[in-house]
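*Asks:* Could you have a look at this structure, given as structure tokens, before my questions?
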Amino acid sequence: MTGGEADMRGLSGRMAIVTGGASGIGEGIALRLAEAGAHVAILDADEANAQRVEQAIADAGGTAHAEAADICDYDVVVRAVDRAEAALGPAYALVNCAGGGAIVPFLETDAAQRRKTVAVNLEGAANVTHAVLKGMAQRGEGRVIMISSEGARIGSSGQAVYCAAKAGMIALAKTLAREFARDGITFNSVAPGLTDTPMMAAAMAGDEEEAGRALLGKIARSIPLGRVGRPDDVAGIVAFLASDEAAYITGQVISVSGGASMIG
Ligand SMILES: NC(=O)c1ccc[n+]([C@@H]2O[C@H](COP(=O)([O-])OP(=O)(O)OC[C@H]3O[C@@H](n4cnc5c(N)ncnc54)[C@H](O)[C@@H]3O)[C@@H](O)[C@H]2O)c1
């Protein structure tokens with residue numbers, strides 16, 4: 001697959017790892033990076049869907065490699081990154097997109113749920129970043145992009161620990177942006193607002209899909225751009241941040257929320 005209209009300077013032939021690339025926003029990002037000519041490694045716990053996305057990229061003429069891995073297990077992550085780099089070459093970009101969480105009032109959560117939410121959304125991103133960073137620093141180049149959440153900046157009822165973990169991703173990126181600036185590595189965060197994905201459908205609907213859909217419709221009316229987000233809305237800014245166009249941007253947070261929040 002060559003870039004064509006989707007071309008972003010500096011992505012063609014470069015290797016990008018996308019965690020959570022088997023579904024929703026991560027899938028959109030994996031497809032977009034491949035369209036721009038990147039060689040994409042999909043790291044996801046969902047092996048069947050990771051392979052489905054790998055196949056979709058290959059069918060479109062691109063290069064991809066699926067690795068089944070739980071990002072919460074550091075040893076598993078290191079082995080998956082090693083295999084992905086053996087298949088596609090050293091990682092130039094890492095997109096930490098795997099994550100998620102249910103909408104549950106804080107007092108109804110238990111300690112195990114809270115630990116899991118932090119593990120999936122914050123520890124997991126730290127694990128994968130740790131596994132790729134040494135190589136990036138040795139090569140003197142790299143791009144790390146966190147898929148955080150607008151809830152990290154403005155809060156979101158029923159998602160206290162999830163939002164705290166997502167805010168942790170932003171702080172992780174800002175701190176590493178300083179530590180690794182002289183190594184040629186940039187770190188930025190993207191904060192999606194409500195985005196229509198399998199996770200969001202499940203979180204909104206619970207057992208009552210119709211009620212969930214009605215709620216989504218109501219929320220859409222309160223968003224300045226008049227609709228909830230789509231995975232593709234997030235993919236463009238990620239491709240930009242991974243490209244040469246963003247060489248002088250680091251430690252930033254960019255909202256993709258249809259204007260639901262306007263943060264200076
Ligand atoms: N959908 C939204 O409204 C929204 C809004 C803001 C932020 N986000 C964030 O965007 C990211 C993607 O969300 P989505 O809505 O596309 O969800 P999704 O459920 O459609 O996709 C998430 C993917 O992450 C993978 N994953 C989950 N835990 C994992 C683990 N421990 N190890 C490896 N892979 C794992 C899943 O298998 C899945 O393929 C998440 O980090 C989410 O928190 C989503």
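Chain lettering (A, B, ...) mirrors the order of the structure tokens, residue numbering begins at 1 for each chain separately, and ligand numbering begins at 1 in order of display.
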Compute the set of protein, DNA and RNA residues whose minimum atom distance to ligand 1 is at most 6 Å, using only C-alpha atoms and all ligand atoms, and state it as a PDB file with N, CA and C atoms, in the first residue's frame.
*Replies:*
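Ended up saving to part_34.pdb:
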ATOM      1  N   GLY A  20      -4.125  -2.567  21.243  1.00  0.00           N
ATOM      2  CA  GLY A  20      -5.575  -2.415  21.097  1.00  0.00           C
ATOM      3  C   GLY A  20      -5.994  -2.265  19.638  1.00  0.00           C
ATOM      4  N   GLY A  21      -5.122  -2.653  18.731  1.00  0.00           N
ATOM      5  CA  GLY A  21      -5.380  -2.453  17.294  1.00  0.00           C
ATOM      6  C   GLY A  21      -6.398  -3.408  16.698  1.00  0.00           C
ATOM      7  N   ALA A  22      -6.966  -4.294  17.534  1.00  0.00           N
ATOM      8  CA  ALA A  22      -7.906  -5.288  17.017  1.00  0.00           C
ATOM      9  C   ALA A  22      -9.350  -4.804  16.988  1.00  0.00           C
ATOM     10  N   SER A  23      -9.620  -3.602  17.509  1.00  0.00           N
ATOM     11  CA  SER A  23     -11.021  -3.162  17.617  1.00  0.00           C
ATOM     12  C   SER A  23     -11.099  -1.645  17.713  1.00  0.00           C
ATOM     13  N   GLY A  24     -12.243  -1.102  17.368  1.00  0.00           N
ATOM     14  CA  GLY A  24     -12.585   0.289  17.650  1.00  0.00           C
ATOM     15  C   GLY A  24     -11.543   1.310  17.199  1.00  0.00           C
ATOM     16  N   ILE A  25     -11.174   2.181  18.118  1.00  0.00           N
ATOM     17  CA  ILE A  25     -10.265   3.286  17.806  1.00  0.00           C
ATOM     18  C   ILE A  25      -8.899   2.746  17.353  1.00  0.00           C
ATOM     19  N   GLY A  26      -8.395   1.725  18.048  1.00  0.00           N
ATOM     20  CA  GLY A  26      -7.084   1.156  17.686  1.00  0.00           C
ATOM     21  C   GLY A  26      -7.097   0.557  16.290  1.00  0.00           C
ATOM     22  N   ASP A  44      -2.580  -7.091  20.747  1.00  0.00           N
ATOM     23  CA  ASP A  44      -3.915  -7.072  21.356  1.00  0.00           C
ATOM     24  C   ASP A  44      -4.161  -8.412  22.036  1.00  0.00           C
ATOM     25  N   ALA A  45      -4.940  -8.394  23.106  1.00  0.00           N
ATOM     26  CA  ALA A  45      -5.295  -9.633  23.798  1.00  0.00           C
ATOM     27  C   ALA A  45      -6.252 -10.477  22.960  1.00  0.00           C
ATOM     28  N   ASP A  46      -6.948  -9.850  22.045  1.00  0.00           N
ATOM     29  CA  ASP A  46      -7.945 -10.532  21.207  1.00  0.00           C
ATOM     30  C   ASP A  46      -7.261 -11.002  19.915  1.00  0.00           C
ATOM     31  N   ALA A  69      -1.232 -10.479  22.915  1.00  0.00           N
ATOM     32  CA  ALA A  69      -0.513 -10.172  24.158  1.00  0.00           C
ATOM     33  C   ALA A  69      -1.413  -9.408  25.108  1.00  0.00           C
ATOM     34  N   ASP A  70      -1.292  -9.742  26.395  1.00  0.00           N
ATOM     35  CA  ASP A  70      -1.961  -8.971  27.442  1.00  0.00           C
ATOM     36  C   ASP A  70      -0.964  -7.912  27.896  1.00  0.00           C
ATOM     37  N   ILE A  71      -1.285  -6.653  27.686  1.00  0.00           N
ATOM     38  CA  ILE A  71      -0.319  -5.586  28.001  1.00  0.00           C
ATOM     39  C   ILE A  71      -0.051  -5.455  29.504  1.00  0.00           C
ATOM     40  N   CYS A  72      -0.870  -6.102  30.327  1.00  0.00           N
ATOM     41  CA  CYS A  72      -0.654  -6.028  31.777  1.00  0.00           C
ATOM     42  C   CYS A  72       0.493  -6.943  32.232  1.00  0.00           C
ATOM     43  N   CYS A  97      -3.075   2.253  22.752  1.00  0.00           N
ATOM     44  CA  CYS A  97      -4.530   2.426  22.623  1.00  0.00           C
ATOM     45  C   CYS A  97      -5.323   1.368  23.386  1.00  0.00           C
ATOM     46  N   ALA A  98      -4.700   0.226  23.722  1.00  0.00           N
ATOM     47  CA  ALA A  98      -5.456  -0.806  24.460  1.00  0.00           C
ATOM     48  C   ALA A  98      -5.931  -0.223  25.784  1.00  0.00           C
ATOM     49  N   GLY A  99      -7.142  -0.532  26.156  1.00  0.00           N
ATOM     50  CA  GLY A  99      -7.656  -0.039  27.427  1.00  0.00           C
ATOM     51  C   GLY A  99      -9.163  -0.071  27.429  1.00  0.00           C
ATOM     52  N   GLY A 100      -9.721   0.613  28.395  1.00  0.00           N
ATOM     53  CA  GLY A 100     -11.174   0.672  28.480  1.00  0.00           C
ATOM     54  C   GLY A 100     -11.642   0.526  29.908  1.00  0.00           C
ATOM     55  N   VAL A 120      -4.969  -2.040  33.273  1.00  0.00           N
ATOM     56  CA  VAL A 120      -5.212  -2.062  31.824  1.00  0.00           C
ATOM     57  C   VAL A 120      -4.886  -0.711  31.187  1.00  0.00           C
ATOM     58  N   ILE A 147      -3.384   7.044  23.834  1.00  0.00           N
ATOM     59  CA  ILE A 147      -4.807   7.307  23.654  1.00  0.00           C
ATOM     60  C   ILE A 147      -5.396   7.379  25.059  1.00  0.00           C
ATOM     61  N   SER A 148      -5.504   8.614  25.541  1.00  0.00           N
ATOM     62  CA  SER A 148      -6.042   8.870  26.874  1.00  0.00           C
ATOM     63  C   SER A 148      -7.553   9.006  26.745  1.00  0.00           C
ATOM     64  N   SER A 149      -8.133  10.012  27.362  1.00  0.00           N
ATOM     65  CA  SER A 149      -9.575  10.249  27.260  1.00  0.00           C
ATOM     66  C   SER A 149      -9.856  11.685  27.698  1.00  0.00           C
ATOM     67  N   PRO A 192      -9.755  11.365  23.209  1.00  0.00           N
ATOM     68  CA  PRO A 192     -11.043  11.275  22.512  1.00  0.00           C
ATOM     69  C   PRO A 192     -12.195  11.578  23.460  1.00  0.00           C
ATOM     70  N   GLY A 193     -13.224  12.225  22.937  1.00  0.00           N
ATOM     71  CA  GLY A 193     -14.498  12.297  23.631  1.00  0.00           C
ATOM     72  C   GLY A 193     -15.263  11.018  23.319  1.00  0.00           C
ATOM     73  N   LEU A 194     -16.563  11.054  23.532  1.00  0.00           N
ATOM     74  CA  LEU A 194     -17.389   9.868  23.308  1.00  0.00           C
ATOM     75  C   LEU A 194     -17.270   9.392  21.851  1.00  0.00           C
ATOM     76  N   THR A 195     -16.825   8.156  21.676  1.00  0.00           N
ATOM     77  CA  THR A 195     -16.572   7.619  20.345  1.00  0.00           C
ATOM     78  C   THR A 195     -17.314   6.295  20.194  1.00  0.00           C
ATOM     79  N   ASP A 196     -18.007   6.140  19.086  1.00  0.00           N
ATOM     80  CA  ASP A 196     -18.839   4.954  18.868  1.00  0.00           C
ATOM     81  C   ASP A 196     -17.965   3.748  18.511  1.00  0.00           C
ATOM     82  N   THR A 197     -17.714   2.882  19.496  1.00  0.00           N
ATOM     83  CA  THR A 197     -16.887   1.684  19.310  1.00  0.00           C
ATOM     84  C   THR A 197     -17.565   0.530  20.058  1.00  0.00           C
ATOM     85  N   PRO A 198     -17.087  -0.708  19.860  1.00  0.00           N
ATOM     86  CA  PRO A 198     -17.666  -1.824  20.617  1.00  0.00           C
ATOM     87  C   PRO A 198     -17.627  -1.590  22.127  1.00  0.00           C
ATOM     88  N   MET A 199     -16.524  -1.013  22.626  1.00  0.00           N
ATOM     89  CA  MET A 199     -16.439  -0.778  24.077  1.00  0.00           C
ATOM     90  C   MET A 199     -17.505   0.210  24.533  1.00  0.00           C
ATOM     91  N   MET A 200     -17.653   1.281  23.775  1.00  0.00           N
ATOM     92  CA  MET A 200     -18.593   2.320  24.183  1.00  0.00           C
ATOM     93  C   MET A 200     -20.028   1.803  24.116  1.00  0.00           C
TER      94      MET A 200
END
*Asks:* Would you list the contacts of region 160-177 of chain A as a VMD selection string, taking every protein, DNA or RNA residue within 8 Å and counting only C-alpha atoms, but skipping same-chain residues closer than 3 positions in sequence?
*Replies:* chain A and resid 100 to 101 106 114 117 to 118 121 to 122 125 to 126 144 to 146 148 to 149 151 to 153 155 to 157 180 to 181 185 to 189 250 to 253
*Asks:* Once you count only C-alpha atoms, what closest atom pair and distance in Å to one decimal does each residue of region 77-184 of chain A within 9 Å of region 241-247 of chain A have, with rows by chain and rising residue number, as a Markdown table?
*Replies:*
| residue | atom | partner | partner_atom | distance |
| --- | --- | --- | --- | --- |
| A:Tyr92 | CA | A:Ala242 | CA | 8.6 |
| A:Ala93 | CA | A:Ala242 | CA | 6.3 |
| A:Leu94 | CA | A:Ala242 | CA | 8.5 |
| A:Val95 | CA | A:Ala242 | CA | 8.8 |
| A:Gly142 | CA | A:Ala242 | CA | 8.5 |
| A:Arg143 | CA | A:Ala242 | CA | 5.7 |
| A:Val144 | CA | A:Ala242 | CA | 7.7 |
| A:Ile145 | CA | A:Leu241 | CA | 7.5 |
| A:Gly184 | CA | A:Ala247 | CA | 8.9 |
*Asks:* Using the selection just defined, write its residues with all heavy atoms as a PDB file, in the first residue's frame.
*Replies:*
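Wrote selection17.pdb, looks like this:
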ATOM      1  N   TYR A  92       9.379   2.426  15.197  1.00  0.00           N
ATOM      2  CA  TYR A  92       9.561   3.884  15.120  1.00  0.00           C
ATOM      3  C   TYR A  92       8.481   4.584  15.935  1.00  0.00           C
ATOM      4  O   TYR A  92       8.725   5.579  16.596  1.00  0.00           O
ATOM      5  CB  TYR A  92       9.496   4.347  13.662  1.00  0.00           C
ATOM      6  CG  TYR A  92       9.561   5.856  13.548  1.00  0.00           C
ATOM      7  CD1 TYR A  92      10.758   6.526  13.787  1.00  0.00           C
ATOM      8  CD2 TYR A  92       8.431   6.611  13.244  1.00  0.00           C
ATOM      9  CE1 TYR A  92      10.833   7.911  13.722  1.00  0.00           C
ATOM     10  CE2 TYR A  92       8.496   7.993  13.174  1.00  0.00           C
ATOM     11  CZ  TYR A  92       9.697   8.637  13.414  1.00  0.00           C
ATOM     12  OH  TYR A  92       9.756  10.004  13.349  1.00  0.00           O
ATOM     13  N   ALA A  93       7.267   4.029  15.879  1.00  0.00           N
ATOM     14  CA  ALA A  93       6.144   4.649  16.603  1.00  0.00           C
ATOM     15  C   ALA A  93       5.447   3.606  17.474  1.00  0.00           C
ATOM     16  O   ALA A  93       5.389   2.429  17.128  1.00  0.00           O
ATOM     17  CB  ALA A  93       5.139   5.254  15.623  1.00  0.00           C
ATOM     18  N   LEU A  94       4.961   4.083  18.613  1.00  0.00           N
ATOM     19  CA  LEU A  94       4.127   3.241  19.487  1.00  0.00           C
ATOM     20  C   LEU A  94       2.855   4.010  19.795  1.00  0.00           C
ATOM     21  O   LEU A  94       2.909   5.157  20.246  1.00  0.00           O
ATOM     22  CB  LEU A  94       4.863   2.939  20.802  1.00  0.00           C
ATOM     23  CG  LEU A  94       3.976   2.389  21.935  1.00  0.00           C
ATOM     24  CD1 LEU A  94       3.388   1.028  21.557  1.00  0.00           C
ATOM     25  CD2 LEU A  94       4.777   2.293  23.241  1.00  0.00           C
ATOM     26  N   VAL A  95       1.713   3.373  19.548  1.00  0.00           N
ATOM     27  CA  VAL A  95       0.427   3.967  19.918  1.00  0.00           C
ATOM     28  C   VAL A  95      -0.175   3.108  21.022  1.00  0.00           C
ATOM     29  O   VAL A  95      -0.509   1.945  20.803  1.00  0.00           O
ATOM     30  CB  VAL A  95      -0.538   4.030  18.707  1.00  0.00           C
ATOM     31  CG1 VAL A  95      -1.832   4.742  19.113  1.00  0.00           C
ATOM     32  CG2 VAL A  95       0.114   4.722  17.515  1.00  0.00           C
ATOM     33  N   GLY A 142      11.931   8.307  17.669  1.00  0.00           N
ATOM     34  CA  GLY A 142      10.729   7.563  18.044  1.00  0.00           C
ATOM     35  C   GLY A 142       9.561   8.489  18.320  1.00  0.00           C
ATOM     36  O   GLY A 142       9.728   9.682  18.569  1.00  0.00           O
ATOM     37  N   ARG A 143       8.365   7.903  18.230  1.00  0.00           N
ATOM     38  CA  ARG A 143       7.123   8.642  18.488  1.00  0.00           C
ATOM     39  C   ARG A 143       6.248   7.777  19.379  1.00  0.00           C
ATOM     40  O   ARG A 143       5.942   6.637  19.009  1.00  0.00           O
ATOM     41  CB  ARG A 143       6.354   8.898  17.175  1.00  0.00           C
ATOM     42  CG  ARG A 143       7.095   9.754  16.177  1.00  0.00           C
ATOM     43  CD  ARG A 143       7.246  11.154  16.758  1.00  0.00           C
ATOM     44  NE  ARG A 143       8.273  11.895  16.047  1.00  0.00           N
ATOM     45  CZ  ARG A 143       8.048  12.631  14.981  1.00  0.00           C
ATOM     46  NH1 ARG A 143       6.844  12.718  14.515  1.00  0.00           N
ATOM     47  NH2 ARG A 143       9.021  13.279  14.411  1.00  0.00           N
ATOM     48  N   VAL A 144       5.853   8.312  20.521  1.00  0.00           N
ATOM     49  CA  VAL A 144       4.945   7.562  21.393  1.00  0.00           C
ATOM     50  C   VAL A 144       3.663   8.381  21.560  1.00  0.00           C
ATOM     51  O   VAL A 144       3.725   9.577  21.863  1.00  0.00           O
ATOM     52  CB  VAL A 144       5.590   7.258  22.763  1.00  0.00           C
ATOM     53  CG1 VAL A 144       4.606   6.493  23.654  1.00  0.00           C
ATOM     54  CG2 VAL A 144       6.885   6.459  22.581  1.00  0.00           C
ATOM     55  N   ILE A 145       2.542   7.740  21.310  1.00  0.00           N
ATOM     56  CA  ILE A 145       1.248   8.430  21.379  1.00  0.00           C
ATOM     57  C   ILE A 145       0.328   7.655  22.325  1.00  0.00           C
ATOM     58  O   ILE A 145       0.124   6.450  22.159  1.00  0.00           O
ATOM     59  CB  ILE A 145       0.634   8.531  19.963  1.00  0.00           C
ATOM     60  CG1 ILE A 145       1.563   9.390  19.085  1.00  0.00           C
ATOM     61  CG2 ILE A 145      -0.772   9.152  20.028  1.00  0.00           C
ATOM     62  CD1 ILE A 145       1.585   9.009  17.648  1.00  0.00           C
ATOM     63  N   GLY A 184      15.594  12.273  20.804  1.00  0.00           N
ATOM     64  CA  GLY A 184      14.843  12.338  19.538  1.00  0.00           C
ATOM     65  C   GLY A 184      13.482  11.658  19.598  1.00  0.00           C
ATOM     66  O   GLY A 184      12.918  11.296  18.560  1.00  0.00           O
TER      67      GLY A 184
END
*Asks:* Which polymer residues have any atom within 9 Å of an atom of region 208-217 of chain A, counting only C-alpha atoms, with same-chain residues fewer than 5 positions away left out, as an MDAnalysis selection string?
*Replies:* chainID A and resid 194 196 201:203 227:228
*Asks:* With all heavy atoms kept, could you save the residues just selected as a PDB file, in the first residue's frame?
*Replies:*
ATOM      1  N   LEU A 194     -16.563  11.054  23.532  1.00  0.00           N
ATOM      2  CA  LEU A 194     -17.389   9.868  23.308  1.00  0.00           C
ATOM      3  C   LEU A 194     -17.270   9.392  21.851  1.00  0.00           C
ATOM      4  O   LEU A 194     -17.541  10.143  20.921  1.00  0.00           O
ATOM      5  CB  LEU A 194     -18.834  10.237  23.612  1.00  0.00           C
ATOM      6  CG  LEU A 194     -19.801   9.077  23.740  1.00  0.00           C
ATOM      7  CD1 LEU A 194     -19.398   8.170  24.896  1.00  0.00           C
ATOM      8  CD2 LEU A 194     -21.210   9.609  23.945  1.00  0.00           C
ATOM      9  N   ASP A 196     -18.007   6.140  19.086  1.00  0.00           N
ATOM     10  CA  ASP A 196     -18.839   4.954  18.868  1.00  0.00           C
ATOM     11  C   ASP A 196     -17.965   3.748  18.511  1.00  0.00           C
ATOM     12  O   ASP A 196     -17.472   3.622  17.396  1.00  0.00           O
ATOM     13  CB  ASP A 196     -19.840   5.248  17.735  1.00  0.00           C
ATOM     14  CG  ASP A 196     -20.973   4.231  17.726  1.00  0.00           C
ATOM     15  OD1 ASP A 196     -20.838   3.167  18.370  1.00  0.00           O
ATOM     16  OD2 ASP A 196     -21.987   4.505  17.071  1.00  0.00           O
ATOM     17  N   ALA A 201     -20.330   1.032  23.069  1.00  0.00           N
ATOM     18  CA  ALA A 201     -21.686   0.481  22.952  1.00  0.00           C
ATOM     19  C   ALA A 201     -21.982  -0.375  24.188  1.00  0.00           C
ATOM     20  O   ALA A 201     -23.050  -0.257  24.801  1.00  0.00           O
ATOM     21  CB  ALA A 201     -21.806  -0.346  21.673  1.00  0.00           C
ATOM     22  N   ALA A 202     -21.007  -1.205  24.587  1.00  0.00           N
ATOM     23  CA  ALA A 202     -21.210  -2.086  25.744  1.00  0.00           C
ATOM     24  C   ALA A 202     -21.335  -1.265  27.022  1.00  0.00           C
ATOM     25  O   ALA A 202     -22.209  -1.515  27.860  1.00  0.00           O
ATOM     26  CB  ALA A 202     -20.045  -3.065  25.857  1.00  0.00           C
ATOM     27  N   ALA A 203     -20.467  -0.260  27.174  1.00  0.00           N
ATOM     28  CA  ALA A 203     -20.471   0.531  28.410  1.00  0.00           C
ATOM     29  C   ALA A 203     -21.764   1.336  28.554  1.00  0.00           C
ATOM     30  O   ALA A 203     -22.324   1.448  29.640  1.00  0.00           O
ATOM     31  CB  ALA A 203     -19.257   1.468  28.438  1.00  0.00           C
ATOM     32  N   ARG A 227     -22.565  15.202  16.684  1.00  0.00           N
ATOM     33  CA  ARG A 227     -22.560  13.731  16.638  1.00  0.00           C
ATOM     34  C   ARG A 227     -21.488  13.216  17.585  1.00  0.00           C
ATOM     35  O   ARG A 227     -20.600  13.986  17.987  1.00  0.00           O
ATOM     36  CB  ARG A 227     -22.293  13.226  15.213  1.00  0.00           C
ATOM     37  CG  ARG A 227     -20.931  13.647  14.650  1.00  0.00           C
ATOM     38  CD  ARG A 227     -20.638  12.951  13.321  1.00  0.00           C
ATOM     39  NE  ARG A 227     -19.399  13.410  12.708  1.00  0.00           N
ATOM     40  CZ  ARG A 227     -18.185  12.956  13.011  1.00  0.00           C
ATOM     41  NH1 ARG A 227     -18.022  12.048  13.953  1.00  0.00           N
ATOM     42  NH2 ARG A 227     -17.121  13.426  12.398  1.00  0.00           N
ATOM     43  N   VAL A 228     -21.581  11.914  17.929  1.00  0.00           N
ATOM     44  CA  VAL A 228     -20.483  11.309  18.690  1.00  0.00           C
ATOM     45  C   VAL A 228     -19.354  10.990  17.701  1.00  0.00           C
ATOM     46  O   VAL A 228     -19.568  10.978  16.486  1.00  0.00           O
ATOM     47  CB  VAL A 228     -20.916  10.034  19.461  1.00  0.00           C
ATOM     48  CG1 VAL A 228     -21.987  10.354  20.485  1.00  0.00           C
ATOM     49  CG2 VAL A 228     -21.389   8.954  18.515  1.00  0.00           C
TER      50      VAL A 228
END
*Asks:* Please run DSSP on the backbone and report, as a PyMOL selection string, all residues within region 87-134 of chain A that come out as alpha helix (DSSP H).
*Replies:* chain A and resi 87-88+111-118+124-134
*Asks:* I'd like to know which of A:Ala16, A:Ala34, A:Ala84, A:Val78 is closest to Thr63 (chain A), using only C-alpha atoms.
*Replies:*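 Among the listed residues, A:Ala34 lies closest to Thr63 (chain A).
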*Asks:* Which neighbours of Gly13 (chain A) fall inside 12 Å, counting only C-alpha atoms, when residues of the same chain fewer than 3 positions from it are skipped, and could you give them as number ranges by chain?
*Replies:* A: 1-3, 7-10, 16, 33-40, 62-64, 88-93, 243
*Asks:* May I have the selected residues written with C-alpha atoms, as a PDB file, in the first residue's frame?
*Replies:*
ATOM      1  CA  MET A   1       0.000   0.000   0.000  1.00  0.00           C
ATOM      2  CA  THR A   2       1.472   3.373  -0.886  1.00  0.00           C
ATOM      3  CA  GLY A   3       0.312   6.548   0.722  1.00  0.00           C
ATOM      4  CA  ASP A   7       0.403  10.113   2.676  1.00  0.00           C
ATOM      5  CA  MET A   8       1.879  11.606   5.804  1.00  0.00           C
ATOM      6  CA  ARG A   9       5.488  12.656   5.582  1.00  0.00           C
ATOM      7  CA  GLY A  10       7.895  10.147   7.074  1.00  0.00           C
ATOM      8  CA  ALA A  16       4.469   1.279  14.178  1.00  0.00           C
ATOM      9  CA  LEU A  33      -1.110   4.117   9.613  1.00  0.00           C
ATOM     10  CA  ALA A  34      -0.955   1.233   7.122  1.00  0.00           C
ATOM     11  CA  GLU A  35      -2.672   3.419   4.510  1.00  0.00           C
ATOM     12  CA  ALA A  36       0.089   5.971   5.063  1.00  0.00           C
ATOM     13  CA  GLY A  37       2.652   3.246   4.291  1.00  0.00           C
ATOM     14  CA  ALA A  38       3.698   2.265   7.817  1.00  0.00           C
ATOM     15  CA  HIS A  39       4.336  -1.382   8.683  1.00  0.00           C
ATOM     16  CA  VAL A  40       1.915  -2.017  11.509  1.00  0.00           C
ATOM     17  CA  GLY A  62      -0.151  -3.070   3.259  1.00  0.00           C
ATOM     18  CA  THR A  63       2.192  -4.751   5.724  1.00  0.00           C
ATOM     19  CA  ALA A  64       1.021  -5.872   9.162  1.00  0.00           C
ATOM     20  CA  LEU A  88       8.693  -5.803  10.752  1.00  0.00           C
ATOM     21  CA  GLY A  89      11.899  -4.090  11.911  1.00  0.00           C
ATOM     22  CA  PRO A  90      12.569  -1.751  14.841  1.00  0.00           C
ATOM     23  CA  ALA A  91       9.618   0.227  16.168  1.00  0.00           C
ATOM     24  CA  TYR A  92       9.561   3.884  15.120  1.00  0.00           C
ATOM     25  CA  ALA A  93       6.144   4.649  16.603  1.00  0.00           C
ATOM     26  CA  SER A 243       4.657  11.711  11.017  1.00  0.00           C
TER      27      SER A 243
END
*Asks:* Name the residues of region 48-219 of chain A that come out as strand (DSSP E or B) in a backbone DSSP run; write them as a PyMOL selection string.
*Replies:* chain A and resi 63-68+91-96+142-147+185-192+195
*Asks:* Which residues come within 8 Å of Val234 (chain A), counting only C-alpha atoms, excluding same-chain residues fewer than 4 positions away, as a PDB file with C-alpha atoms, in the first residue's frame?
*Replies:*
ATOM      1  CA  ILE A  25     -10.265   3.286  17.806  1.00  0.00           C
ATOM      2  CA  GLY A  28      -8.990   2.699  12.905  1.00  0.00           C
ATOM      3  CA  ILE A  29      -5.475   3.842  13.809  1.00  0.00           C
ATOM      4  CA  VAL A 190      -4.823  12.209  22.274  1.00  0.00           C
ATOM      5  CA  PRO A 192     -11.043  11.275  22.512  1.00  0.00           C
ATOM      6  CA  ARG A 230     -16.013   7.692  15.021  1.00  0.00           C
ATOM      7  CA  VAL A 238      -2.459   9.961  15.467  1.00  0.00           C
ATOM      8  CA  VAL A 256     -10.882  14.845  19.535  1.00  0.00           C
TER       9      VAL A 256
END
*Asks:* For Gln138 (chain A), which residue out of A:Glu150, A:Asp183, A:Ala56, A:Asp75 is the nearest one, using only C-alpha atoms?
*Replies:*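 Smallest separation from Gln138 (chain A) among the options: A:Asp183.
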*Asks:* When distances are computed from only C-alpha atoms, which of A:Ala137, A:Asp73, A:Ala48, A:Ala87 shows the smallest separation from Ala119 (chain A)?
*Replies:*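 When distances to Ala119 (chain A) are compared using only C-alpha atoms, the smallest one comes from A:Asp73.
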*Asks:* Between CA of Ala102 (chain A) and CA of Val18 (chain A), what is the distance in Å, rounded to a tenth?
*Replies:*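 It comes out at 22.0 Å.
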